[in-house]
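Before any comments, here is the structure.
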Amino acid sequence: MFAVAAASRAFGRLVVDQLLAWWSADEVVVAVRAPDRVADLDARGVEVRRGDYDVPDTLRAAFENVDRLLLISSPERDSARRTRQHRGAIEAARDAGVGAVVYTSFLDADTQAEGITEAHHATERALEASGLPHTVLRHPFYSEAFLNSVLHTAVATGALDDLTGGRGINTASRADLAEAAARVLTEDGHLGRAYDFTGTLWSYPQLARVLTRVSGTPVLHQVRDSLTPGALGWLEAQVRGGALERQTDDLHNVLGHPPPPPWIRPSPKSSPVQHHRAGLPVAPVRQERQPQQLFSALSAEAARARPPRSHHGMHRP
């Protein structure tokens, strides 16, 4: 049985959707702080259990009879509290007899123990000390942090403001990272590994050219020196310093294809989906990617259909 902890937020829901595209609902459990927030999953046949990161006893009960657990990192911003939550979840998983844990960490958490990676660094160490078989997925920033409304504004005004200095950006979409998490959770061959996920490198000058091409309206790349106030400004400063130009093949290898640029998104899932039946593994339904209308299109060659990837590693734990 597969369990997804902290499944009520956007990323967790995408993972559950992917699992349900490959497996029957009775193979999937979600552990959430507020079960009423995922009543839709209950209606789809998923077992919903209360699992509060601040109440370890609820986690022990939520993780009972779970073979593989996806431990999605807490959204808590205070590093000390976040670390306590994660350690409590790991201890609960061990006490409940969970067979293996997959943890969503962040890039460079293996070497940096401060700032945004402080709690992740401590959690990775706690996993190592727990003795639980585990896999670490180190995520980049989500592409959604940079896109969305800015694209509409750029086309409307004819200018794309660039506060990143034109540097490369290695973000990945939630959808691609969720698919990767679902694959690692359900496939063989991932235990004991730590993956450093990065998306296809892109930049604001490239984005301006894409918007010009797909909108039919000239969109100029316009460099600005002043940073956006708040958290986004901090992120822009990281990009300017080249902190987001790191590239690995890990996400490509897990997905079985290069992650597309952030303006290319998955097409809607087909229906009916394939389910796991009679204890036999089945190949997942792979969705071809297509350009999102206007603001999420790249070019015909970037959106070429990919052949389905076999899923031989999937098995019933």
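FYI, nothing fancy with the structure tokens labels: chains A, B, ... in order, residues from 1 per chain, ligands from 1 as they appear.
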**OP:** Find the residues near Val16 in chain A: any atom within 10 Å, counting only C-alpha atoms, skip ones fewer than 4 places away on the same chain, and give them as an MDAnalysis selection string.
**Re:** chainID A and resid 2:4 7:8 11:12 20:21 25 28:30 41 46 178:179 182
Write the residues you've just listed into a file as a PDB file, in the first residue's frame, and include C-alpha atoms for each of them.
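Final output, part-v7.pdb:
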ATOM      1  CA  PHE A   2       1.210   3.498  -0.870  1.00  0.00           C
ATOM      2  CA  ALA A   3       0.646   6.491   1.415  1.00  0.00           C
ATOM      3  CA  VAL A   4       1.045  10.194   0.723  1.00  0.00           C
ATOM      4  CA  ALA A   7      -1.624  15.258   0.486  1.00  0.00           C
ATOM      5  CA  SER A   8      -4.155  18.090   0.694  1.00  0.00           C
ATOM      6  CA  PHE A  11       1.727  19.050  -4.990  1.00  0.00           C
ATOM      7  CA  GLY A  12       0.287  16.207  -2.929  1.00  0.00           C
ATOM      8  CA  LEU A  20      -4.734   6.826  -9.289  1.00  0.00           C
ATOM      9  CA  ALA A  21      -3.898   6.873 -12.998  1.00  0.00           C
ATOM     10  CA  ALA A  25      -7.791   3.469  -5.254  1.00  0.00           C
ATOM     11  CA  VAL A  28      -3.595   4.472  -1.998  1.00  0.00           C
ATOM     12  CA  VAL A  29      -3.842   6.124   1.424  1.00  0.00           C
ATOM     13  CA  VAL A  30      -3.572   9.825   2.207  1.00  0.00           C
ATOM     14  CA  LEU A  41     -10.426  11.873  -2.594  1.00  0.00           C
ATOM     15  CA  VAL A  46      -8.934   6.672  -1.512  1.00  0.00           C
ATOM     16  CA  ALA A 178       4.712  14.973  -8.838  1.00  0.00           C
ATOM     17  CA  GLU A 179       5.030  12.393 -11.605  1.00  0.00           C
ATOM     18  CA  ALA A 182       4.918   8.844  -7.947  1.00  0.00           C
TER      19      ALA A 182
END
Hey, what's within 10 Å of Leu69 in chain A if we count only C-alpha atoms and toss same-chain stuff fewer than 6 positions away? As a PDB file with all heavy atoms, in the first residue's frame, please?
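part27.pdb written:
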ATOM      1  N   MET A   1       0.840  -1.191   0.000  1.00  0.00           N
ATOM      2  CA  MET A   1       0.000   0.000   0.000  1.00  0.00           C
ATOM      3  C   MET A   1       0.880   1.248   0.000  1.00  0.00           C
ATOM      4  O   MET A   1       1.890   1.308   0.701  1.00  0.00           O
ATOM      5  CB  MET A   1      -0.928   0.009   1.224  1.00  0.00           C
ATOM      6  CG  MET A   1      -1.891   1.183   1.281  1.00  0.00           C
ATOM      7  SD  MET A   1      -3.004   1.074   2.701  1.00  0.00           S
ATOM      8  CE  MET A   1      -4.027  -0.320   2.222  1.00  0.00           C
ATOM      9  N   PHE A   2       0.475   2.243  -0.789  1.00  0.00           N
ATOM     10  CA  PHE A   2       1.210   3.498  -0.870  1.00  0.00           C
ATOM     11  C   PHE A   2       0.483   4.565  -0.055  1.00  0.00           C
ATOM     12  O   PHE A   2      -0.755   4.643  -0.096  1.00  0.00           O
ATOM     13  CB  PHE A   2       1.313   3.979  -2.319  1.00  0.00           C
ATOM     14  CG  PHE A   2       1.845   2.946  -3.271  1.00  0.00           C
ATOM     15  CD1 PHE A   2       1.049   2.442  -4.286  1.00  0.00           C
ATOM     16  CD2 PHE A   2       3.149   2.491  -3.155  1.00  0.00           C
ATOM     17  CE1 PHE A   2       1.535   1.494  -5.165  1.00  0.00           C
ATOM     18  CE2 PHE A   2       3.643   1.542  -4.026  1.00  0.00           C
ATOM     19  CZ  PHE A   2       2.842   1.038  -5.037  1.00  0.00           C
ATOM     20  N   ALA A   3       1.241   5.390   0.662  1.00  0.00           N
ATOM     21  CA  ALA A   3       0.646   6.491   1.415  1.00  0.00           C
ATOM     22  C   ALA A   3       1.323   7.793   1.028  1.00  0.00           C
ATOM     23  O   ALA A   3       2.535   7.837   0.787  1.00  0.00           O
ATOM     24  CB  ALA A   3       0.779   6.257   2.916  1.00  0.00           C
ATOM     25  N   VAL A   4       0.539   8.853   0.993  1.00  0.00           N
ATOM     26  CA  VAL A   4       1.045  10.194   0.723  1.00  0.00           C
ATOM     27  C   VAL A   4       0.691  11.055   1.922  1.00  0.00           C
ATOM     28  O   VAL A   4      -0.496  11.249   2.235  1.00  0.00           O
ATOM     29  CB  VAL A   4       0.431  10.787  -0.562  1.00  0.00           C
ATOM     30  CG1 VAL A   4       0.989  12.193  -0.809  1.00  0.00           C
ATOM     31  CG2 VAL A   4       0.702   9.880  -1.758  1.00  0.00           C
ATOM     32  N   ALA A   5       1.702  11.557   2.626  1.00  0.00           N
ATOM     33  CA  ALA A   5       1.481  12.427   3.778  1.00  0.00           C
ATOM     34  C   ALA A   5       1.475  13.880   3.321  1.00  0.00           C
ATOM     35  O   ALA A   5       2.234  14.266   2.439  1.00  0.00           O
ATOM     36  CB  ALA A   5       2.576  12.206   4.826  1.00  0.00           C
ATOM     37  N   VAL A  29      -3.401   5.505   0.177  1.00  0.00           N
ATOM     38  CA  VAL A  29      -3.842   6.124   1.424  1.00  0.00           C
ATOM     39  C   VAL A  29      -3.302   7.548   1.456  1.00  0.00           C
ATOM     40  O   VAL A  29      -2.177   7.797   0.988  1.00  0.00           O
ATOM     41  CB  VAL A  29      -3.303   5.352   2.648  1.00  0.00           C
ATOM     42  CG1 VAL A  29      -3.522   6.142   3.938  1.00  0.00           C
ATOM     43  CG2 VAL A  29      -3.963   3.988   2.749  1.00  0.00           C
ATOM     44  N   VAL A  30      -4.088   8.477   1.974  1.00  0.00           N
ATOM     45  CA  VAL A  30      -3.572   9.825   2.207  1.00  0.00           C
ATOM     46  C   VAL A  30      -3.671  10.136   3.687  1.00  0.00           C
ATOM     47  O   VAL A  30      -4.637   9.747   4.362  1.00  0.00           O
ATOM     48  CB  VAL A  30      -4.317  10.888   1.377  1.00  0.00           C
ATOM     49  CG1 VAL A  30      -4.095  10.666  -0.111  1.00  0.00           C
ATOM     50  CG2 VAL A  30      -5.799  10.929   1.700  1.00  0.00           C
ATOM     51  N   ALA A  31      -2.653  10.808   4.202  1.00  0.00           N
ATOM     52  CA  ALA A  31      -2.626  11.241   5.596  1.00  0.00           C
ATOM     53  C   ALA A  31      -2.615  12.761   5.598  1.00  0.00           C
ATOM     54  O   ALA A  31      -1.680  13.379   5.071  1.00  0.00           O
ATOM     55  CB  ALA A  31      -1.390  10.692   6.304  1.00  0.00           C
ATOM     56  N   PHE A  63      -0.007   5.716   9.429  1.00  0.00           N
ATOM     57  CA  PHE A  63       0.990   4.974   8.657  1.00  0.00           C
ATOM     58  C   PHE A  63       0.889   3.458   8.839  1.00  0.00           C
ATOM     59  O   PHE A  63       1.716   2.709   8.303  1.00  0.00           O
ATOM     60  CB  PHE A  63       2.395   5.435   9.048  1.00  0.00           C
ATOM     61  CG  PHE A  63       2.686   6.887   8.747  1.00  0.00           C
ATOM     62  CD1 PHE A  63       3.734   7.547   9.393  1.00  0.00           C
ATOM     63  CD2 PHE A  63       1.923   7.592   7.835  1.00  0.00           C
ATOM     64  CE1 PHE A  63       4.017   8.885   9.119  1.00  0.00           C
ATOM     65  CE2 PHE A  63       2.180   8.932   7.555  1.00  0.00           C
ATOM     66  CZ  PHE A  63       3.231   9.579   8.204  1.00  0.00           C
ATOM     67  N   ALA A  93       6.778   6.715  11.281  1.00  0.00           N
ATOM     68  CA  ALA A  93       6.893   5.739  10.195  1.00  0.00           C
ATOM     69  C   ALA A  93       7.657   4.507  10.655  1.00  0.00           C
ATOM     70  O   ALA A  93       7.277   3.369  10.348  1.00  0.00           O
ATOM     71  CB  ALA A  93       7.579   6.382   8.993  1.00  0.00           C
ATOM     72  N   VAL A  98       6.595   1.075   8.553  1.00  0.00           N
ATOM     73  CA  VAL A  98       6.597   1.443   7.135  1.00  0.00           C
ATOM     74  C   VAL A  98       7.819   0.837   6.453  1.00  0.00           C
ATOM     75  O   VAL A  98       8.927   0.864   6.997  1.00  0.00           O
ATOM     76  CB  VAL A  98       6.591   2.981   6.980  1.00  0.00           C
ATOM     77  CG1 VAL A  98       6.847   3.389   5.529  1.00  0.00           C
ATOM     78  CG2 VAL A  98       5.263   3.551   7.465  1.00  0.00           C
ATOM     79  N   GLY A  99       7.620   0.312   5.267  1.00  0.00           N
ATOM     80  CA  GLY A  99       8.705  -0.377   4.585  1.00  0.00           C
ATOM     81  C   GLY A  99       9.759   0.537   3.995  1.00  0.00           C
ATOM     82  O   GLY A  99      10.944   0.198   3.984  1.00  0.00           O
ATOM     83  N   ALA A 100       9.349   1.692   3.487  1.00  0.00           N
ATOM     84  CA  ALA A 100      10.298   2.620   2.864  1.00  0.00           C
ATOM     85  C   ALA A 100       9.670   4.005   2.828  1.00  0.00           C
ATOM     86  O   ALA A 100       8.450   4.164   2.749  1.00  0.00           O
ATOM     87  CB  ALA A 100      10.653   2.162   1.447  1.00  0.00           C
ATOM     88  N   VAL A 101      10.537   5.020   2.867  1.00  0.00           N
ATOM     89  CA  VAL A 101      10.098   6.415   2.869  1.00  0.00           C
ATOM     90  C   VAL A 101      10.742   7.143   1.698  1.00  0.00           C
ATOM     91  O   VAL A 101      11.943   6.990   1.434  1.00  0.00           O
ATOM     92  CB  VAL A 101      10.481   7.125   4.186  1.00  0.00           C
ATOM     93  CG1 VAL A 101      10.134   8.615   4.118  1.00  0.00           C
ATOM     94  CG2 VAL A 101       9.787   6.468   5.372  1.00  0.00           C
ATOM     95  N   VAL A 102       9.937   7.943   0.993  1.00  0.00           N
ATOM     96  CA  VAL A 102      10.429   8.866  -0.024  1.00  0.00           C
ATOM     97  C   VAL A 102      10.166  10.270   0.504  1.00  0.00           C
ATOM     98  O   VAL A 102       9.032  10.600   0.858  1.00  0.00           O
ATOM     99  CB  VAL A 102       9.716   8.660  -1.380  1.00  0.00           C
ATOM    100  CG1 VAL A 102      10.218   9.672  -2.403  1.00  0.00           C
ATOM    101  CG2 VAL A 102       9.930   7.235  -1.877  1.00  0.00           C
ATOM    102  N   TYR A 103      11.199  11.091   0.575  1.00  0.00           N
ATOM    103  CA  TYR A 103      11.078  12.418   1.191  1.00  0.00           C
ATOM    104  C   TYR A 103      11.358  13.517   0.170  1.00  0.00           C
ATOM    105  O   TYR A 103      12.333  13.444  -0.583  1.00  0.00           O
ATOM    106  CB  TYR A 103      12.047  12.552   2.367  1.00  0.00           C
ATOM    107  CG  TYR A 103      12.140  13.954   2.924  1.00  0.00           C
ATOM    108  CD1 TYR A 103      11.035  14.533   3.549  1.00  0.00           C
ATOM    109  CD2 TYR A 103      13.305  14.702   2.805  1.00  0.00           C
ATOM    110  CE1 TYR A 103      11.107  15.832   4.051  1.00  0.00           C
ATOM    111  CE2 TYR A 103      13.386  15.997   3.310  1.00  0.00           C
ATOM    112  CZ  TYR A 103      12.280  16.561   3.922  1.00  0.00           C
ATOM    113  OH  TYR A 103      12.343  17.840   4.406  1.00  0.00           O
ATOM    114  N   HIS A 134      15.102   4.433   2.398  1.00  0.00           N
ATOM    115  CA  HIS A 134      14.522   5.703   1.973  1.00  0.00           C
ATOM    116  C   HIS A 134      15.150   6.214   0.681  1.00  0.00           C
ATOM    117  O   HIS A 134      16.223   5.762   0.261  1.00  0.00           O
ATOM    118  CB  HIS A 134      14.659   6.769   3.067  1.00  0.00           C
ATOM    119  CG  HIS A 134      16.082   7.134   3.382  1.00  0.00           C
ATOM    120  ND1 HIS A 134      16.850   6.405   4.271  1.00  0.00           N
ATOM    121  CD2 HIS A 134      16.880   8.132   2.929  1.00  0.00           C
ATOM    122  CE1 HIS A 134      18.047   6.944   4.355  1.00  0.00           C
ATOM    123  NE2 HIS A 134      18.098   7.993   3.548  1.00  0.00           N
ATOM    124  N   LEU A 185       8.113   6.384  -5.828  1.00  0.00           N
ATOM    125  CA  LEU A 185       7.364   5.705  -4.773  1.00  0.00           C
ATOM    126  C   LEU A 185       6.963   4.301  -5.184  1.00  0.00           C
ATOM    127  O   LEU A 185       6.939   3.384  -4.350  1.00  0.00           O
ATOM    128  CB  LEU A 185       6.118   6.526  -4.428  1.00  0.00           C
ATOM    129  CG  LEU A 185       5.268   6.037  -3.252  1.00  0.00           C
ATOM    130  CD1 LEU A 185       6.029   6.165  -1.939  1.00  0.00           C
ATOM    131  CD2 LEU A 185       3.950   6.810  -3.198  1.00  0.00           C
ATOM    132  N   THR A 186       6.665   4.092  -6.465  1.00  0.00           N
ATOM    133  CA  THR A 186       6.071   2.826  -6.896  1.00  0.00           C
ATOM    134  C   THR A 186       7.014   1.915  -7.665  1.00  0.00           C
ATOM    135  O   THR A 186       6.733   0.723  -7.801  1.00  0.00           O
ATOM    136  CB  THR A 186       4.831   3.085  -7.774  1.00  0.00           C
ATOM    137  OG1 THR A 186       5.204   3.873  -8.920  1.00  0.00           O
ATOM    138  CG2 THR A 186       3.759   3.826  -6.995  1.00  0.00           C
TER     139      THR A 186
END
Subject >> Long-range neighbours of Ser143 in chain A as a PyMOL selection string, 9 Å cut-off, only C-alpha atoms, 6 positions minimum in chain >> reply: chain A and resi 169-174+199+261-263
For the residues in that selection, give me N, CA, C and O atoms as a CSV table (one decimal), in the first residue's frame.
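And here's again.csv as it stands now:
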chain,number,residue,atom,x,y,z
A,169,ILE,N,17.5,29.6,-15.4
A,169,ILE,CA,16.6,29.2,-14.3
A,169,ILE,C,16.3,27.7,-14.5
A,169,ILE,O,15.8,27.3,-15.5
A,170,ASN,N,16.5,27.0,-13.4
A,170,ASN,CA,16.3,25.5,-13.5
A,170,ASN,C,15.1,25.0,-12.9
A,170,ASN,O,15.0,23.9,-12.4
A,171,THR,N,14.0,25.8,-12.9
A,171,THR,CA,12.8,25.4,-12.2
A,171,THR,C,12.2,24.2,-12.9
A,171,THR,O,12.5,23.8,-14.0
A,172,ALA,N,11.2,23.5,-12.2
A,172,ALA,CA,10.4,22.4,-12.8
A,172,ALA,C,9.0,22.6,-12.4
A,172,ALA,O,8.7,23.3,-11.3
A,173,SER,N,8.1,22.1,-13.1
A,173,SER,CA,6.7,22.2,-12.8
A,173,SER,C,6.3,21.3,-11.7
A,173,SER,O,6.9,20.2,-11.5
A,174,ARG,N,5.3,21.7,-10.9
A,174,ARG,CA,4.7,20.7,-9.9
A,174,ARG,C,4.3,19.4,-10.6
A,174,ARG,O,4.5,18.4,-10.0
A,199,GLY,N,14.9,21.3,-13.7
A,199,GLY,CA,14.2,21.3,-14.9
A,199,GLY,C,15.1,21.8,-16.0
A,199,GLY,O,16.3,22.1,-15.9
A,261,PRO,N,10.1,22.8,-21.0
A,261,PRO,CA,10.2,24.2,-20.5
A,261,PRO,C,8.9,24.5,-19.7
A,261,PRO,O,7.9,23.8,-19.9
A,262,PRO,N,9.0,25.4,-18.8
A,262,PRO,CA,7.8,25.7,-17.9
A,262,PRO,C,6.6,26.1,-18.6
A,262,PRO,O,5.5,26.0,-18.0
A,263,TRP,N,6.6,26.6,-19.8
A,263,TRP,CA,5.4,27.0,-20.5
A,263,TRP,C,4.7,25.9,-21.2
A,263,TRP,O,3.7,26.1,-21.9
**OP:** Could you please determine the separation between CA of Val223 in chain A and CA of Arg167 in chain A in Å, to one decimal place?
**Re:**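 Pair CA of Val223 in chain A / CA of Arg167 in chain A returns 11.3 Å.
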Subject >> Per-residue DSSP, range 12-52 of chain A, filtered to alpha helix (DSSP H), as a PyMOL selection string >> reply: chain A and resi 12-22+39-43
Atoms to include: N, CA, C and O atoms. Write the selected residues as a short mmCIF file (atom, residue, chain, number, x, y, z; two decimals), in the first residue's frame.
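Writing done, so here's again25.cif:
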data_model
loop_
_atom_site.label_atom_id
_atom_site.label_comp_id
_atom_site.auth_asym_id
_atom_site.auth_seq_id
_atom_site.Cartn_x
_atom_site.Cartn_y
_atom_site.Cartn_z
N GLY A 12 0.77 17.51 -3.38
CA GLY A 12 0.29 16.21 -2.93
C GLY A 12 -0.88 15.70 -3.74
O GLY A 12 -0.97 14.51 -4.06
N ARG A 13 -1.79 16.59 -4.10
CA ARG A 13 -2.93 16.20 -4.92
C ARG A 13 -2.49 15.72 -6.30
O ARG A 13 -3.06 14.77 -6.85
N LEU A 14 -1.48 16.37 -6.87
CA LEU A 14 -0.97 15.93 -8.17
C LEU A 14 -0.36 14.54 -8.07
O LEU A 14 -0.52 13.71 -8.97
N VAL A 15 0.34 14.27 -6.98
CA VAL A 15 0.90 12.93 -6.78
C VAL A 15 -0.21 11.89 -6.69
O VAL A 15 -0.15 10.83 -7.32
N VAL A 16 -1.23 12.20 -5.90
CA VAL A 16 -2.34 11.25 -5.76
C VAL A 16 -3.03 11.02 -7.10
O VAL A 16 -3.36 9.88 -7.46
N ASP A 17 -3.23 12.08 -7.86
CA ASP A 17 -3.84 11.92 -9.18
C ASP A 17 -3.01 10.97 -10.05
O ASP A 17 -3.56 10.13 -10.78
N GLN A 18 -1.70 11.12 -9.98
CA GLN A 18 -0.83 10.25 -10.79
C GLN A 18 -0.92 8.80 -10.31
O GLN A 18 -0.98 7.87 -11.12
N LEU A 19 -0.94 8.60 -9.01
CA LEU A 19 -1.06 7.23 -8.48
C LEU A 19 -2.37 6.59 -8.93
O LEU A 19 -2.40 5.41 -9.29
N LEU A 20 -3.43 7.37 -8.90
CA LEU A 20 -4.73 6.83 -9.29
C LEU A 20 -4.83 6.56 -10.78
O LEU A 20 -5.70 5.80 -11.23
N ALA A 21 -3.95 7.17 -11.57
CA ALA A 21 -3.90 6.87 -13.00
C ALA A 21 -3.24 5.53 -13.26
O ALA A 21 -3.41 4.95 -14.34
N TRP A 22 -2.47 5.03 -12.28
CA TRP A 22 -1.72 3.79 -12.47
C TRP A 22 -2.22 2.65 -11.59
O TRP A 22 -2.01 1.49 -11.92
N ALA A 39 -12.32 15.50 0.98
CA ALA A 39 -13.52 14.67 0.83
C ALA A 39 -13.65 14.15 -0.60
O ALA A 39 -14.19 13.06 -0.82
N ASP A 40 -13.13 14.90 -1.56
CA ASP A 40 -13.19 14.46 -2.96
C ASP A 40 -12.37 13.20 -3.18
O ASP A 40 -12.73 12.34 -3.98
N LEU A 41 -11.24 13.08 -2.47
CA LEU A 41 -10.43 11.87 -2.59
C LEU A 41 -11.13 10.67 -1.97
O LEU A 41 -11.08 9.56 -2.50
N ASP A 42 -11.79 10.92 -0.85
CA ASP A 42 -12.56 9.86 -0.22
C ASP A 42 -13.65 9.37 -1.19
O ASP A 42 -13.89 8.16 -1.31
N ALA A 43 -14.26 10.30 -1.90
CA ALA A 43 -15.31 9.94 -2.85
C ALA A 43 -14.76 9.13 -4.02
O ALA A 43 -15.51 8.37 -4.66
#
Enumerate, in order of chain and increasing residue number, the residues of range 227-264 of chain A with an atom no farther than 12 Å from range 203-220 of chain A, each with its shortest atom pair and distance in Å to one decimal, counting only C-alpha atoms, as a tab-separated table.
residue	atom	partner	partner_atom	distance
A:Glu236	CA	A:Tyr204	CA	11.5
A:Val239	CA	A:Ser203	CA	9.8
A:Arg240	CA	A:Ser203	CA	11.0
A:Gly242	CA	A:Ser203	CA	11.5
A:Leu244	CA	A:Ser203	CA	10.5
A:Glu245	CA	A:Ser203	CA	9.9
A:Pro261	CA	A:Leu207	CA	9.7
A:Pro262	CA	A:Leu207	CA	9.6
A:Trp263	CA	A:Leu207	CA	8.6
A:Ile264	CA	A:Val210	CA	11.1
Would you write out those residues with C-alpha atoms, as a PDB file, in the first residue's frame?
ATOM      1  CA  GLU A 236      15.168  37.074  -8.207  1.00  0.00           C
ATOM      2  CA  VAL A 239      18.772  33.890 -10.005  1.00  0.00           C
ATOM      3  CA  ARG A 240      20.923  36.973 -10.684  1.00  0.00           C
ATOM      4  CA  GLY A 242      23.539  32.187 -10.860  1.00  0.00           C
ATOM      5  CA  LEU A 244      19.578  28.446 -10.241  1.00  0.00           C
ATOM      6  CA  GLU A 245      21.785  27.424 -13.155  1.00  0.00           C
ATOM      7  CA  PRO A 261      10.203  24.152 -20.478  1.00  0.00           C
ATOM      8  CA  PRO A 262       7.845  25.652 -17.905  1.00  0.00           C
ATOM      9  CA  TRP A 263       5.404  27.017 -20.478  1.00  0.00           C
ATOM     10  CA  ILE A 264       4.632  23.514 -21.698  1.00  0.00           C
TER      11      ILE A 264
END
Original post:
So, counting only C-alpha atoms, which residue among A:Asp176, A:Ser226, A:His86, A:Arg183 is closest to Pro260 in chain A?
Top reply: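 Closest to Pro260 in chain A of all the choices is A:Asp176.
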